[in-house]
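Have a look at model.cif; it's mmCIF, C-alpha atoms:
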```
data_upload
loop_
_atom_site.label_atom_id
_atom_site.label_comp_id
_atom_site.auth_asym_id
_atom_site.auth_seq_id
_atom_site.Cartn_x
_atom_site.Cartn_y
_atom_site.Cartn_z
CA MET A 1 55.47 -18.08 46.82
CA LYS A 2 52.96 -20.22 48.67
CA LYS A 3 50.96 -22.69 46.66
CA ASP A 4 47.61 -21.09 47.48
CA THR A 5 48.52 -17.58 46.37
CA ILE A 6 48.62 -15.82 43.04
CA ALA A 7 50.80 -12.84 42.07
CA THR A 8 49.03 -10.06 40.18
CA SER A 9 50.28 -8.04 37.26
CA ALA A 10 49.39 -4.83 39.08
CA ASP A 11 51.91 -5.68 41.81
CA PRO A 12 54.13 -8.72 41.26
CA GLY A 13 54.85 -8.86 44.96
CA LEU A 14 51.21 -8.91 45.98
CA CYS A 15 49.80 -12.34 46.75
CA ILE A 16 46.07 -12.93 46.80
CA SER A 17 44.44 -15.91 48.43
CA PRO A 18 42.08 -17.62 45.97
CA ASN A 19 39.54 -18.06 48.75
CA GLU A 20 39.23 -14.37 49.55
CA THR A 21 35.89 -12.73 48.88
CA LEU A 22 34.87 -9.21 48.05
CA PRO A 23 35.42 -6.80 50.96
CA THR A 24 32.49 -5.59 52.99
CA ASN A 25 34.20 -2.88 55.02
CA SER A 26 34.33 -0.06 52.49
CA PRO A 27 31.31 2.26 52.85
CA LEU A 28 32.09 4.13 49.63
CA ALA A 29 32.42 0.93 47.62
CA ILE A 30 29.23 -0.52 49.08
CA GLY A 31 27.34 2.72 48.53
CA LEU A 32 28.49 2.88 44.91
CA VAL A 33 27.35 -0.68 44.27
CA MET A 34 23.94 0.05 45.79
CA VAL A 35 23.45 3.24 43.76
CA CYS A 36 24.52 1.56 40.52
CA GLY A 37 22.49 -1.52 41.37
CA PHE A 38 19.25 0.39 41.80
CA ALA A 39 20.02 2.58 38.78
CA GLY A 40 20.46 -0.54 36.66
CA LEU A 41 17.20 -1.99 37.93
CA GLY A 42 15.46 1.29 37.12
CA LEU A 43 16.77 1.34 33.57
CA ARG A 44 15.71 -2.24 33.05
CA TYR A 45 12.26 -1.50 34.40
CA LEU A 46 11.83 1.44 32.04
CA ALA A 47 12.79 -0.73 29.06
CA ARG A 48 10.63 -3.70 30.04
CA GLU A 49 7.95 -3.08 27.39
CA HIS A 50 10.23 -2.21 24.49
CA ALA A 51 9.81 -4.90 21.84
CA THR A 52 11.79 -5.65 18.70
CA ASP A 53 10.80 -7.66 15.65
CA ASP A 54 12.74 -10.60 17.11
CA ALA A 55 10.67 -10.39 20.27
CA PHE A 56 7.39 -10.60 18.35
CA GLN A 57 8.55 -13.26 15.90
CA PHE A 58 10.57 -15.49 18.19
CA LEU A 59 10.99 -14.72 21.88
CA ILE A 60 7.38 -14.14 22.93
CA PRO A 61 6.05 -17.15 20.94
CA TRP A 62 8.80 -19.31 22.50
CA TYR A 63 7.81 -18.19 25.97
CA VAL A 64 4.11 -18.77 25.31
CA PHE A 65 4.85 -22.26 23.99
CA ALA A 66 6.90 -23.09 27.10
CA ARG A 67 4.17 -21.72 29.36
CA ASP A 68 1.34 -23.58 27.62
CA HIS A 69 3.06 -26.93 27.12
CA GLY A 70 5.27 -27.16 30.18
CA VAL A 71 7.94 -29.86 30.40
CA ALA A 72 6.20 -31.88 27.67
CA GLY A 73 7.03 -29.10 25.25
CA LEU A 74 10.71 -30.02 25.45
CA ALA A 75 9.98 -32.75 22.93
CA GLU A 76 9.63 -30.00 20.31
CA ALA A 77 12.37 -27.71 19.00
CA PHE A 78 10.32 -24.65 19.84
CA THR A 79 13.40 -22.38 19.92
CA ASN A 80 16.39 -22.20 17.62
CA TYR A 81 18.72 -22.16 20.64
CA THR A 82 20.29 -25.04 22.51
CA PRO A 83 18.16 -26.87 25.14
CA PHE A 84 19.50 -24.81 28.06
CA TYR A 85 17.53 -21.75 26.96
CA SER A 86 14.35 -23.82 26.80
CA TYR A 87 14.85 -24.77 30.44
CA LEU A 88 15.21 -21.12 31.38
CA LEU A 89 11.99 -20.28 29.57
CA LEU A 90 10.20 -23.02 31.50
CA ILE A 91 11.49 -21.57 34.77
CA ALA A 92 10.44 -18.05 33.75
CA ALA A 93 6.99 -19.34 32.82
CA ARG A 94 6.50 -20.45 36.43
CA PHE A 95 6.33 -16.74 37.26
CA ASP A 96 3.80 -15.92 34.57
CA TRP A 97 1.56 -14.25 37.15
CA VAL A 98 4.28 -11.68 37.92
CA GLY A 99 4.40 -9.83 34.60
CA GLU A 100 4.09 -9.85 30.84
CA PRO A 101 5.87 -12.52 28.76
CA LEU A 102 8.40 -10.09 27.31
CA SER A 103 9.29 -8.76 30.76
CA LEU A 104 9.90 -12.28 32.04
CA VAL A 105 12.07 -13.12 29.04
CA LYS A 106 14.13 -10.01 29.76
CA ALA A 107 14.32 -11.00 33.42
CA ILE A 108 16.26 -14.11 32.40
CA SER A 109 18.94 -11.93 30.84
CA ALA A 110 18.89 -9.54 33.80
CA VAL A 111 19.72 -12.35 36.23
CA PHE A 112 22.76 -13.36 34.22
CA GLU A 113 23.76 -9.72 33.67
CA LEU A 114 23.89 -9.35 37.44
CA GLY A 115 25.96 -12.50 37.59
CA CYS A 116 28.35 -11.05 35.01
CA ALA A 117 28.72 -7.83 37.00
CA ILE A 118 29.42 -9.69 40.24
CA THR A 119 31.93 -12.01 38.57
CA VAL A 120 33.82 -9.11 36.98
CA ALA A 121 33.89 -7.33 40.33
CA GLN A 122 35.43 -10.44 41.89
CA ILE A 123 37.99 -10.66 39.10
CA VAL A 124 39.03 -7.03 39.63
CA TRP A 125 39.13 -7.51 43.40
CA ARG A 126 41.47 -10.48 43.07
CA ALA A 127 43.72 -8.54 40.71
CA THR A 128 43.88 -5.32 42.75
CA LYS A 129 42.48 -5.89 46.27
CA LEU A 130 41.00 -2.40 45.95
CA PRO A 131 37.30 -2.28 46.97
CA LEU A 132 36.55 0.87 44.99
CA ARG A 133 37.94 -0.59 41.77
CA ALA A 134 35.89 -3.75 42.26
CA SER A 135 32.79 -1.62 42.79
CA LEU A 136 33.52 0.42 39.68
CA ALA A 137 33.94 -2.80 37.72
CA PHE A 138 30.52 -3.95 38.91
CA CYS A 139 28.97 -0.65 37.83
CA ALA A 140 30.78 -0.67 34.48
CA VAL A 141 29.22 -4.01 33.55
CA TRP A 142 25.80 -3.59 35.16
CA LEU A 143 25.29 -0.17 33.53
CA ALA A 144 27.16 -0.71 30.26
CA PRO A 145 25.07 0.51 27.29
CA THR A 146 25.86 -2.68 25.38
CA VAL A 147 24.57 -4.77 28.28
CA ILE A 148 21.44 -2.64 28.78
CA PHE A 149 20.57 -2.73 25.09
CA ASN A 150 21.26 -6.43 24.61
CA GLY A 151 19.09 -7.62 27.46
CA ALA A 152 16.74 -4.92 28.73
CA VAL A 153 15.97 -3.36 25.35
CA TRP A 154 16.36 -6.18 22.83
CA ALA A 155 15.62 -9.14 25.15
CA GLU A 156 18.63 -11.02 23.78
CA SER A 157 20.40 -13.67 25.83
CA ASP A 158 24.10 -13.03 25.37
CA SER A 159 24.60 -12.42 29.08
CA ILE A 160 24.03 -16.14 29.67
CA TRP A 161 27.00 -17.52 27.78
CA THR A 162 29.06 -14.47 28.74
CA PHE A 163 28.48 -15.26 32.41
CA PHE A 164 29.95 -18.74 32.02
CA THR A 165 32.99 -17.43 30.12
CA LEU A 166 33.64 -14.94 32.93
CA VAL A 167 33.33 -17.70 35.51
CA SER A 168 35.88 -19.67 33.50
CA ILE A 169 38.32 -16.76 33.61
CA ALA A 170 37.72 -16.25 37.33
CA LEU A 171 38.44 -19.91 38.01
CA PHE A 172 41.68 -19.83 36.05
CA MET A 173 42.70 -16.72 38.01
CA ARG A 174 42.22 -18.77 41.19
CA ASP A 175 44.49 -21.43 39.74
CA ARG A 176 41.53 -23.73 39.25
CA ASN A 177 40.25 -25.58 36.20
CA GLY A 178 37.86 -23.38 34.21
CA VAL A 179 37.47 -25.69 31.22
CA ALA A 180 34.10 -27.05 32.33
CA SER A 181 32.66 -23.55 32.69
CA PHE A 182 33.95 -22.71 29.22
CA ALA A 183 32.24 -25.86 27.93
CA MET A 184 29.05 -24.68 29.61
CA ALA A 185 29.28 -21.35 27.79
CA PHE A 186 29.73 -23.11 24.46
CA SER A 187 26.78 -25.38 25.24
CA VAL A 188 24.60 -22.31 25.70
CA LYS A 189 25.62 -20.43 22.57
CA ALA A 190 28.26 -21.03 19.91
CA GLN A 191 29.83 -17.61 20.55
CA GLY A 192 31.30 -19.05 23.73
CA VAL A 193 34.04 -20.47 21.52
CA PHE A 194 35.54 -16.96 21.36
CA LEU A 195 37.26 -17.78 24.67
CA GLY A 196 38.76 -20.92 23.13
CA PRO A 197 42.29 -19.60 22.48
CA PHE A 198 42.57 -18.40 26.09
CA VAL A 199 41.34 -21.74 27.44
CA LEU A 200 43.76 -23.64 25.20
CA GLY A 201 46.57 -21.42 26.49
CA MET A 202 45.59 -22.19 30.07
CA ILE A 203 45.51 -25.92 29.31
CA LEU A 204 49.04 -25.77 27.93
CA ARG A 205 50.41 -23.41 30.57
CA ARG A 206 48.80 -25.06 33.58
CA ARG A 207 49.45 -28.53 32.18
CA ILE A 208 45.78 -29.43 32.40
CA HIS A 209 45.20 -32.74 30.68
CA PRO A 210 43.87 -32.19 27.12
CA ALA A 211 41.21 -34.78 27.87
CA TRP A 212 39.34 -31.98 29.61
CA LEU A 213 38.43 -30.72 26.14
CA ALA A 214 36.01 -33.64 26.02
CA THR A 215 33.84 -31.64 28.40
CA LEU A 216 32.75 -29.49 25.44
CA PRO A 217 30.63 -32.21 23.79
CA GLY A 218 30.14 -33.92 27.15
CA ILE A 219 28.35 -31.03 28.85
CA TYR A 220 26.33 -30.37 25.70
CA VAL A 221 25.09 -33.96 25.83
CA VAL A 222 24.33 -33.80 29.55
CA LEU A 223 22.31 -30.59 29.09
CA ALA A 224 20.41 -32.26 26.25
CA ILE A 225 19.30 -35.26 28.32
CA PRO A 226 15.96 -33.75 29.45
CA VAL A 227 14.86 -32.92 25.90
CA LEU A 228 16.01 -36.31 24.64
CA VAL A 229 14.08 -38.07 27.40
CA THR A 230 10.91 -36.18 26.50
CA GLY A 231 11.18 -37.37 22.90
CA ARG A 232 13.14 -34.80 20.91
CA SER A 233 15.26 -36.38 18.21
CA LEU A 234 19.01 -36.65 18.63
CA ALA A 235 19.57 -35.14 15.18
CA SER A 236 17.52 -32.08 16.09
CA VAL A 237 19.50 -31.48 19.28
CA PHE A 238 22.91 -31.75 17.66
CA ALA A 239 22.01 -29.77 14.54
CA VAL A 240 21.26 -26.55 16.43
CA TYR A 241 24.52 -24.80 15.61
CA LEU A 242 24.55 -26.07 12.04
CA ASP A 243 21.03 -24.71 11.53
CA GLN A 244 22.03 -21.38 13.05
CA ALA A 245 24.95 -21.13 10.63
CA HIS A 246 22.47 -21.32 7.74
CA THR A 247 20.10 -18.68 9.10
CA PHE A 248 21.68 -15.76 7.24
CA ASN A 249 23.70 -15.72 4.05
CA ARG A 250 25.49 -12.43 4.62
CA LEU A 251 29.10 -11.86 5.63
CA THR A 252 28.20 -8.97 7.93
CA MET A 253 25.02 -7.46 9.33
CA ASN A 254 26.16 -3.99 10.44
CA ALA A 255 28.96 -5.45 12.56
CA ALA A 256 32.09 -3.30 12.86
CA ASN A 257 34.48 -5.89 11.50
CA ILE A 258 36.71 -6.53 8.50
CA TRP A 259 33.84 -7.91 6.40
CA VAL A 260 32.42 -4.41 6.07
CA LEU A 261 35.36 -3.74 3.73
CA ALA A 262 34.57 -6.85 1.69
CA GLY A 263 30.90 -6.23 1.05
CA GLY A 264 31.12 -7.34 -2.55
CA MET A 265 32.67 -10.72 -1.81
CA PRO A 266 30.36 -13.69 -2.53
CA TYR A 267 29.10 -15.34 0.64
CA ALA A 268 30.48 -18.82 -0.12
CA ILE A 269 33.97 -17.46 -0.79
CA GLY A 270 33.83 -15.26 2.30
CA VAL A 271 32.93 -18.21 4.50
CA ALA A 272 35.83 -20.25 3.13
CA VAL A 273 38.25 -17.37 3.66
CA GLY A 274 36.95 -16.77 7.16
CA MET A 275 37.28 -20.41 8.14
CA VAL A 276 40.88 -20.48 6.93
CA LEU A 277 41.71 -17.30 8.85
#
```

Could I get this file's structure written as structure tokens?
Amino acid sequence: MKKDTIATSADPGLCISPNETLPTNSPLAIGLVMVCGFAGLGLRYLAREHATDDAFQFLIPWYVFARDHGVAGLAEAFTNYTPFYSYLLLIAARFDWVGEPLSLVKAISAVFELGCAITVAQIVWRATKLPLRASLAFCAVWLAPTVIFNGAVWAESDSIWTFFTLVSIALFMRDRNGVASFAMAFSVKAQGVFLGPFVLGMILRRRIHPAWLATLPGIYVVLAIPVLVTGRSLASVFAVYLDQAHTFNRLTMNAANIWVLAGGMPYAIGVAVGMVL
């Protein structure tokens, strides 16, 4: 097999060039993407004014702070997220004349949701070389109820770190190093670590030097430079995830996981058990 090709599980004999892009010669595939694309935009538009308690208590005040204080506001920990989200709020605030604060906050998620859909479509295309399947993959992500609710309805930001984890996977599929993208996901939100076992497997299998794991704290530090320069304390920047861990003292909050079956277990014991597992 040539060095610049990758065999797929769908057809071991099929080699895909890592530099190939999504096809543009399939009318059905293109039409499907356009229909799903506009349908997704319509759904997001309809949900633009739906507000949750989190939106009123956190997201809208964060946006207003970013809008009113500008770059100087980075000196304050005005969100309970990592600095990267503060930068996105500052960018969104530049378009304050376009719409309401909540709509602009949701627009941030929508941009990354689109990125997720495109990345998944590329992943499927590289694995199958079938334009229709790639188009269906795009639609499946762009119109997924979980995606619509998380961003368009609840104004949450999980599409951001998810985008970087998908980029990491796509890079590994192209026989490239996706560790830095994984580090970017972790620097956006702690949940990015869910991809950790896969990344570790790729490091061992592809014989990527373990030193690349240093990009996890490294990228976090680089992303924190603007807020540190404006005067935010180092302790505040690096305590974000620790503070988040202390936000709730419950083993589960309606999540469909094993902790539902252990509702009576004391929180401290449950945390210790979970860390061991």

Selected residue of minimal separation from A:Thr82 among A:Ala185, A:Leu132, A:Leu171, A:Ile60, counting all atoms listed in the file: A:Ala185

Close residues, A:Arg44 itself excluded, 9 Å, only C-alpha atoms, min 4 positions apart in chain, as a short mmCIF file (atom, residue, chain, number, x, y, z; two decimals) with C-alpha atoms, keeping the file's coordinate frame:
```cif
data_model
loop_
_atom_site.label_atom_id
_atom_site.label_comp_id
_atom_site.auth_asym_id
_atom_site.auth_seq_id
_atom_site.Cartn_x
_atom_site.Cartn_y
_atom_site.Cartn_z
CA ALA A 39 20.02 2.58 38.78
CA GLY A 40 20.46 -0.54 36.66
CA ARG A 48 10.63 -3.70 30.04
CA LYS A 106 14.13 -10.01 29.76
CA ALA A 107 14.32 -11.00 33.42
CA ALA A 110 18.89 -9.54 33.80
CA ILE A 148 21.44 -2.64 28.78
CA GLY A 151 19.09 -7.62 27.46
CA ALA A 152 16.74 -4.92 28.73
CA VAL A 153 15.97 -3.36 25.35
#
```

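Between A:Trp154 and the candidates A:Asp53, A:Cys36, A:Leu114, A:Lys189, the tightest atom-to-atom separation, counting all atoms listed in the file, involves A:Asp53.
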
Residue with smallest distance to A:Ile208 - pool A:Val271, A:Cys139, A:Ala180, A:Leu32, counting all atoms listed in the file: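 That would be A:Ala180, the residue with the smallest distance to A:Ile208.
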
Who sits within 9 Å of A:Glu156, all atoms listed in the file, same chain under 6 positions skipped, as a ChimeraX atom specification: /A:54-55,59,105-106,109,149-150

Given the PyMOL selection byres ((chain A and resi 90-103) around 9), the residues it picks as a VMD selection string: chain A and resid 45 47 to 51 55 59 to 60 63 to 64 66 to 68 70 to 71 85 to 89 104 to 108 152 155

Residue nearest A:Arg126 among A:Arg206, A:Arg174, A:His69, A:Arg250 (counting only C-alpha atoms): A:Arg174

Which of A:Ala144, A:Leu204, A:Phe112, A:Val237 sits closest to A:Ile225 [using only C-alpha atoms]: A:Val237

Residue nearest A:Ile30 among A:Asn249, A:Thr230, A:Asn257, A:Ser135 (counting all atoms listed in the file): A:Ser135

Straight-line distance linking atom CA of A:Val35 with atom CA of A:Ala140, stated in Å to one decimal: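 Separation of atom CA of A:Val35 and atom CA of A:Ala140: 12.5 Å.
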
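Of note, atom CA of A:Asn177 and atom CA of A:Tyr220 are spaced 18.1 Å apart.
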